[in-house]
>>> print(open('structure24.txt').read())   # compact mmCIF, C-alpha atoms
# COMPACT_ATOMS: atom_id res chain seq x y z
CA ASP A 1 37.32 -0.49 22.03
CA ALA A 2 34.56 1.98 22.91
CA GLY A 3 33.20 2.02 19.39
CA VAL A 4 32.69 5.13 17.31
CA ILE A 5 32.36 8.18 19.55
CA GLN A 6 30.43 11.26 18.55
CA SER A 7 29.99 14.56 20.31
CA PRO A 8 27.89 16.32 21.19
CA ARG A 9 24.94 13.92 21.36
CA HIS A 10 22.47 16.79 21.14
CA GLU A 11 22.95 20.30 19.84
CA VAL A 12 20.43 23.09 19.74
CA THR A 13 21.51 26.29 18.07
CA GLU A 14 20.08 29.33 16.40
CA MET A 15 20.03 29.96 12.69
CA GLY A 16 23.25 31.55 11.50
CA GLN A 17 25.46 30.02 14.16
CA GLU A 18 28.40 27.77 13.40
CA VAL A 19 27.99 24.14 14.39
CA THR A 20 30.83 21.64 14.76
CA LEU A 21 30.18 17.93 15.11
CA ARG A 22 32.98 15.61 16.19
CA CYS A 23 33.77 11.98 15.58
CA LYS A 24 36.38 9.57 16.84
CA PRO A 25 36.46 6.39 14.73
CA ILE A 26 37.38 2.94 15.95
CA SER A 27 41.12 2.60 16.28
CA GLY A 28 42.63 0.89 13.25
CA HIS A 29 39.76 1.69 10.90
CA ASN A 30 40.88 3.37 7.69
CA SER A 31 37.56 4.67 6.41
CA LEU A 32 35.26 7.22 8.00
CA PHE A 33 31.81 8.21 6.85
CA TRP A 34 29.49 11.11 7.72
CA TYR A 35 25.75 10.55 7.22
CA ARG A 36 22.67 12.68 7.72
CA GLN A 37 19.25 11.26 8.52
CA THR A 38 15.97 13.12 8.21
CA MET A 39 12.38 11.98 8.10
CA MET A 40 11.98 13.33 4.58
CA ARG A 41 15.14 11.98 2.97
CA GLY A 42 16.16 9.07 5.15
CA LEU A 43 19.85 8.27 5.44
CA GLU A 44 22.22 10.13 3.13
CA LEU A 45 25.96 9.84 2.80
CA LEU A 46 27.55 13.28 3.05
CA ILE A 47 31.24 12.49 2.71
CA TYR A 48 33.71 9.73 3.34
CA PHE A 49 37.42 9.62 4.03
CA ASN A 50 39.94 6.90 3.32
CA ASN A 51 43.24 7.13 5.20
CA ASN A 52 42.28 10.67 6.30
CA VAL A 53 41.79 11.83 2.70
CA PRO A 54 38.33 12.94 1.51
CA ILE A 55 37.37 10.58 -1.31
CA ASP A 56 33.83 11.59 -2.21
CA ASP A 57 32.09 14.70 -0.94
CA SER A 58 29.36 14.74 -3.58
CA GLY A 59 26.76 14.27 -0.86
CA MET A 60 27.67 17.47 0.94
CA PRO A 61 24.61 19.65 0.43
CA GLU A 62 26.33 22.97 -0.15
CA ASP A 63 29.30 25.14 0.68
CA ARG A 64 28.01 25.74 4.18
CA PHE A 65 29.09 22.20 5.00
CA SER A 66 32.72 21.22 5.40
CA ALA A 67 34.45 18.17 6.83
CA LYS A 68 37.99 17.53 7.91
CA MET A 69 40.00 14.59 9.15
CA PRO A 70 43.30 15.94 10.47
CA ASN A 71 44.40 12.54 11.72
CA ALA A 72 43.28 8.93 11.89
CA SER A 73 41.49 9.36 15.20
CA PHE A 74 39.45 12.50 14.68
CA SER A 75 37.06 14.09 12.22
CA THR A 76 34.82 17.13 12.25
CA LEU A 77 31.75 18.15 10.28
CA LYS A 78 31.14 21.87 10.33
CA ILE A 79 28.08 23.83 9.25
CA GLN A 80 28.51 27.57 8.86
CA PRO A 81 26.09 29.30 8.88
CA SER A 82 23.50 26.82 10.08
CA GLU A 83 19.91 26.89 8.84
CA PRO A 84 16.72 25.28 10.19
CA ARG A 85 16.69 22.80 7.29
CA ASP A 86 19.97 21.41 8.59
CA SER A 87 18.11 19.95 11.56
CA ALA A 88 18.73 16.22 11.43
CA VAL A 89 20.59 13.39 13.08
CA TYR A 90 24.19 13.20 11.91
CA PHE A 91 25.90 9.84 12.12
CA CYS A 92 29.56 9.05 11.85
CA ALA A 93 30.66 5.52 10.94
CA SER A 94 33.98 3.83 10.43
CA SER A 95 35.18 0.65 8.78
CA LEU A 96 38.40 -1.14 8.06
CA THR A 97 38.12 -0.33 4.37
CA ARG A 98 35.76 1.66 2.17
CA SER A 99 33.50 -1.09 0.92
CA GLY A 100 34.93 -4.45 1.86
CA ASN A 101 34.03 -4.37 5.53
CA GLU A 102 31.01 -3.62 7.65
CA GLN A 103 30.57 -0.15 9.01
CA PHE A 104 30.28 0.63 12.70
CA PHE A 105 28.05 3.56 13.51
CA GLY A 106 28.34 6.12 16.25
CA PRO A 107 25.31 7.05 18.37
CA GLY A 108 24.63 10.13 16.27
CA THR A 109 24.30 13.83 16.99
CA ARG A 110 20.79 15.23 16.99
CA LEU A 111 21.02 18.78 15.66
CA THR A 112 18.20 21.27 15.99
CA VAL A 113 18.58 24.65 14.34
CA LEU A 114 15.96 27.14 15.49
CA LYS B 1 13.79 6.92 -9.38
CA ASN B 2 15.21 5.15 -6.34
CA GLU B 3 18.32 3.09 -6.86
CA VAL B 4 17.36 0.92 -3.87
CA GLU B 5 13.81 -0.21 -3.26
CA GLN B 6 12.68 -1.99 -0.12
CA SER B 7 9.46 -3.82 0.58
CA PRO B 8 7.35 -3.77 2.53
CA GLN B 9 7.57 -0.27 3.97
CA ASN B 10 5.77 -1.34 7.12
CA LEU B 11 5.33 -4.78 8.60
CA THR B 12 3.51 -6.02 11.68
CA ALA B 13 4.00 -9.61 12.81
CA GLN B 14 3.04 -11.82 15.70
CA GLU B 15 5.82 -13.06 17.91
CA GLY B 16 7.26 -16.27 16.52
CA GLU B 17 6.44 -15.55 12.88
CA PHE B 18 8.97 -15.88 10.08
CA ILE B 19 9.67 -12.47 8.54
CA THR B 20 11.10 -11.52 5.15
CA ILE B 21 12.18 -8.05 4.07
CA ASN B 22 13.15 -7.52 0.46
CA CYS B 23 15.61 -5.18 -1.21
CA SER B 24 16.05 -4.60 -4.94
CA TYR B 25 18.67 -2.37 -6.48
CA SER B 26 19.36 -1.08 -9.94
CA VAL B 27 23.05 -0.17 -9.84
CA GLY B 28 26.27 -2.11 -9.92
CA ILE B 29 27.50 -2.81 -6.43
CA SER B 30 30.50 -4.11 -4.58
CA ALA B 31 28.58 -4.84 -1.39
CA LEU B 32 25.13 -4.72 0.13
CA HIS B 33 24.50 -3.86 3.76
CA TRP B 34 21.58 -4.55 6.05
CA LEU B 35 21.31 -2.05 8.90
CA GLN B 36 19.05 -2.09 11.94
CA GLN B 37 17.86 1.09 13.62
CA HIS B 38 16.07 0.78 16.94
CA PRO B 39 13.54 3.32 18.21
CA GLY B 40 16.30 4.92 20.27
CA GLY B 41 17.98 5.87 17.01
CA GLY B 42 21.20 3.87 17.10
CA ILE B 43 22.23 2.10 13.90
CA VAL B 44 23.79 -1.34 13.88
CA SER B 45 25.24 -3.10 10.88
CA LEU B 46 23.70 -6.57 10.67
CA PHE B 47 25.27 -7.94 7.51
CA MET B 48 27.54 -7.02 4.68
CA LEU B 49 27.13 -9.23 1.61
CA SER B 50 28.71 -9.46 -1.79
CA SER B 51 27.42 -12.93 -2.67
CA GLY B 52 25.53 -15.89 -1.29
CA LYS B 53 24.12 -16.05 2.17
CA LYS B 54 25.06 -15.14 5.72
CA LYS B 55 23.51 -16.20 9.01
CA HIS B 56 23.79 -14.70 12.45
CA GLY B 57 21.58 -16.16 15.13
CA ARG B 58 17.97 -15.86 13.98
CA LEU B 59 18.88 -13.54 11.12
CA ILE B 60 19.67 -14.71 7.60
CA ALA B 61 20.61 -12.50 4.66
CA THR B 62 20.79 -13.61 1.06
CA ILE B 63 21.79 -11.88 -2.12
CA ASN B 64 21.29 -12.74 -5.78
CA ILE B 65 23.71 -10.65 -7.79
CA GLN B 66 22.21 -11.58 -11.17
CA GLU B 67 18.73 -10.55 -10.07
CA LYS B 68 19.99 -7.57 -8.05
CA HIS B 69 17.95 -8.63 -5.08
CA SER B 70 18.56 -9.33 -1.42
CA SER B 71 16.36 -10.62 1.37
CA LEU B 72 16.63 -10.37 5.12
CA HIS B 73 14.88 -13.14 7.04
CA ILE B 74 14.10 -13.25 10.73
CA THR B 75 13.14 -16.62 12.16
CA ALA B 76 11.10 -16.95 15.35
CA SER B 77 10.56 -13.19 15.54
CA HIS B 78 10.54 -11.48 18.92
CA PRO B 79 9.29 -8.07 20.07
CA ARG B 80 12.90 -6.96 20.51
CA ASP B 81 13.30 -7.33 16.72
CA SER B 82 11.00 -4.31 16.34
CA ALA B 83 13.09 -1.76 14.50
CA VAL B 84 13.62 -0.14 11.13
CA TYR B 85 15.68 -2.27 8.75
CA ILE B 86 17.61 -0.41 6.08
CA CYS B 87 19.16 -1.84 2.95
CA ALA B 88 22.19 0.01 1.58
CA VAL B 89 24.45 -0.68 -1.39
CA THR B 90 27.98 0.45 -2.06
CA GLY B 91 29.54 0.69 -5.47
CA ASN B 92 30.77 3.83 -7.14
CA GLN B 93 28.39 5.60 -4.81
CA PHE B 94 26.36 4.81 -1.75
CA TYR B 95 22.60 4.32 -1.96
CA PHE B 96 20.08 3.67 0.78
CA GLY B 97 16.61 2.22 0.84
CA THR B 98 13.93 4.08 2.73
CA GLY B 99 13.72 1.36 5.35
CA THR B 100 11.19 -1.20 6.52
CA SER B 101 9.53 -0.52 9.85
CA LEU B 102 8.96 -3.82 11.65
CA THR B 103 6.74 -4.23 14.69
CA VAL B 104 6.57 -7.61 16.38
CA ILE B 105 3.59 -8.00 18.68
CA PRO B 106 3.82 -10.31 21.72
>>> encode(input="structure24.txt", output="structure tokens")
Amino acid sequence: DAGVIQSPRHEVTEMGQEVTLRCKPISGHNSLFWYRQTMMRGLELLIYFNNNVPIDDSGMPEDRFSAKMPNASFSTLKIQPSEPRDSAVYFCASSLTRSGNEQFFGPGTRLTVL
Amino acid sequence: KNEVEQSPQNLTAQEGEFITINCSYSVGISALHWLQQHPGGGIVSLFMLSSGKKKHGRLIATINIQEKHSSLHITASHPRDSAVYICAVTGNQFYFGTGTSLTVIP
């Protein structure tokens, strides 16, 4: 398996634009997690899915952020409209189950909002 | 108040030294994770613990549930161990430590 795949790896956009980050989890994994990492706040869990269903989105900063998982092999994290303070590295991770198994992280998407 | 506290924040060691990184938490958990993040930015899960001790190569992780404390040990440290080590706990929610930046000098 290729591991967790994220795209794009780097994204530079202007304030106000819509940004869509993509993630393909490891085949057979039932849980998918979206994280954000900044220098100020470290790693933060934004949302996680179990069997394609969003379980906890309490970490999503505000209504500008939305996440979907239309099927077991694909998830998106969308920011609309984007703001400079959204600049961060966004990681996607997957695991067999929510908490009973280790998580495998994707390479991350480095987002810069100008 | 941080639910997960790591110490030290920064650590410099000579190659070959035995290294310990500590993690204390204040919430009920179902599992504790040790993550490694290299300067390139990628994150790797080293261990997931719910009790006892795990060993993988030169890395050992222990957890004491009663004391709400975990340690990550690196034996015979090597410059390639230089990275940020992050402690994370999962329970009703997910909490992360701020990380320990380790530099191993040849």
>>> closest_residue(input="structure24.txt", among="B:Ser45, B:Ser101, B:Thr75, B:Asn64", to="A:Gln103", atoms="all atoms listed in the file")
B:Ser45
>>> interface_residues(input="structure24.txt", of="chain A", to="chain B", cutoff="9 Å", atoms="all atoms listed in the file", output="PDB file with C-alpha atoms, in the coordinates of the input")
ATOM      1  CA  ARG A  41      15.140  11.980   2.970  1.00  0.00           C
ATOM      2  CA  GLY A  42      16.160   9.070   5.150  1.00  0.00           C
ATOM      3  CA  LEU A  43      19.850   8.270   5.440  1.00  0.00           C
ATOM      4  CA  GLU A  44      22.220  10.130   3.130  1.00  0.00           C
ATOM      5  CA  LEU A  45      25.960   9.840   2.800  1.00  0.00           C
ATOM      6  CA  ASP A  56      33.830  11.590  -2.210  1.00  0.00           C
ATOM      7  CA  VAL A  89      20.590  13.390  13.080  1.00  0.00           C
ATOM      8  CA  PHE A  91      25.900   9.840  12.120  1.00  0.00           C
ATOM      9  CA  ARG A  98      35.760   1.660   2.170  1.00  0.00           C
ATOM     10  CA  SER A  99      33.500  -1.090   0.920  1.00  0.00           C
ATOM     11  CA  GLY A 100      34.930  -4.450   1.860  1.00  0.00           C
ATOM     12  CA  ASN A 101      34.030  -4.370   5.530  1.00  0.00           C
ATOM     13  CA  GLU A 102      31.010  -3.620   7.650  1.00  0.00           C
ATOM     14  CA  GLN A 103      30.570  -0.150   9.010  1.00  0.00           C
ATOM     15  CA  PHE A 104      30.280   0.630  12.700  1.00  0.00           C
ATOM     16  CA  PHE A 105      28.050   3.560  13.510  1.00  0.00           C
ATOM     17  CA  GLY A 106      28.340   6.120  16.250  1.00  0.00           C
ATOM     18  CA  PRO A 107      25.310   7.050  18.370  1.00  0.00           C
ATOM     19  CA  GLY A 108      24.630  10.130  16.270  1.00  0.00           C
TER      20      GLY A 108
END
>>> residues_around(input="structure24.txt", residues="B:Glu5", least_positions_apart="4", cutoff="7 Å", atoms="all atoms listed in the file", output="PyMOL selection string")
chain B and resi 23-25+97
>>> atom_distance(input="structure24.txt", atom1="atom CA of A:Leu46", atom2="atom CA of A:Glu11")
18.8 Å
>>> residues_around(input="structure24.txt", residues="A:Ala72", least_positions_apart="3", cutoff="10 Å", atoms="only C-alpha atoms", output="compact mmCIF listing (two decimals) with C-alpha atoms, in the coordinates of the input")
# COMPACT_ATOMS: atom_id res chain seq x y z
CA LYS A 24 36.38 9.57 16.84
CA PRO A 25 36.46 6.39 14.73
CA ILE A 26 37.38 2.94 15.95
CA SER A 27 41.12 2.60 16.28
CA GLY A 28 42.63 0.89 13.25
CA HIS A 29 39.76 1.69 10.90
CA ASN A 30 40.88 3.37 7.69
CA SER A 31 37.56 4.67 6.41
CA LEU A 32 35.26 7.22 8.00
CA PHE A 49 37.42 9.62 4.03
CA ASN A 50 39.94 6.90 3.32
CA ASN A 51 43.24 7.13 5.20
CA ASN A 52 42.28 10.67 6.30
CA VAL A 53 41.79 11.83 2.70
CA MET A 69 40.00 14.59 9.15
CA SER A 75 37.06 14.09 12.22
>>> residues_near_point(input="structure24.txt", point="(27.5, 21.5, 1.8)", cutoff="12 Å", atoms="only C-alpha atoms", output="PyMOL selection string")
chain A and resi 36+45-47+57-67+77-83+86
>>> residues_around(input="structure24.txt", residues="A:Leu21", least_positions_apart="6", cutoff="8 Å", atoms="all atoms listed in the file", output="VMD selection string")
chain A and resid 6 to 8 76 to 78 109
>>> residues_near_point(input="structure24.txt", point="(21.4, -8.8, -10.1)", cutoff="9 Å", atoms="only C-alpha atoms", output="PDB file with C-alpha atoms, keeping the file's coordinate frame")
ATOM      1  CA  SER B  24      16.050  -4.600  -4.940  1.00  0.00           C
ATOM      2  CA  TYR B  25      18.670  -2.370  -6.480  1.00  0.00           C
ATOM      3  CA  SER B  26      19.360  -1.080  -9.940  1.00  0.00           C
ATOM      4  CA  VAL B  27      23.050  -0.170  -9.840  1.00  0.00           C
ATOM      5  CA  GLY B  28      26.270  -2.110  -9.920  1.00  0.00           C
ATOM      6  CA  ILE B  63      21.790 -11.880  -2.120  1.00  0.00           C
ATOM      7  CA  ASN B  64      21.290 -12.740  -5.780  1.00  0.00           C
ATOM      8  CA  ILE B  65      23.710 -10.650  -7.790  1.00  0.00           C
ATOM      9  CA  GLN B  66      22.210 -11.580 -11.170  1.00  0.00           C
ATOM     10  CA  GLU B  67      18.730 -10.550 -10.070  1.00  0.00           C
ATOM     11  CA  LYS B  68      19.990  -7.570  -8.050  1.00  0.00           C
ATOM     12  CA  HIS B  69      17.950  -8.630  -5.080  1.00  0.00           C
TER      13      HIS B  69
END
>>> atom_distance(input="structure24.txt", atom1="atom CA of B:Arg58", atom2="atom CA of B:Ala76")
7.1 Å
>>> atom_distance(input="structure24.txt", atom1="atom CA of B:His56", atom2="atom CA of B:His73")
10.5 Å
>>> closest_residue(input="structure24.txt", among="B:Ile21, B:Leu11, B:Lys55, B:Ala61", to="B:Ser82", atoms="all atoms listed in the file")
B:Leu11
>>> closest_residue(input="structure24.txt", among="A:Gly16, A:Arg22, A:Ala88, A:Gly3", to="A:Met40", atoms="only C-alpha atoms")
A:Ala88
>>> closest_residue(input="structure24.txt", among="B:Ser70, B:Gln14, B:Thr62, B:Thr20", to="B:Cys87", atoms="all atoms listed in the file")
B:Ser70
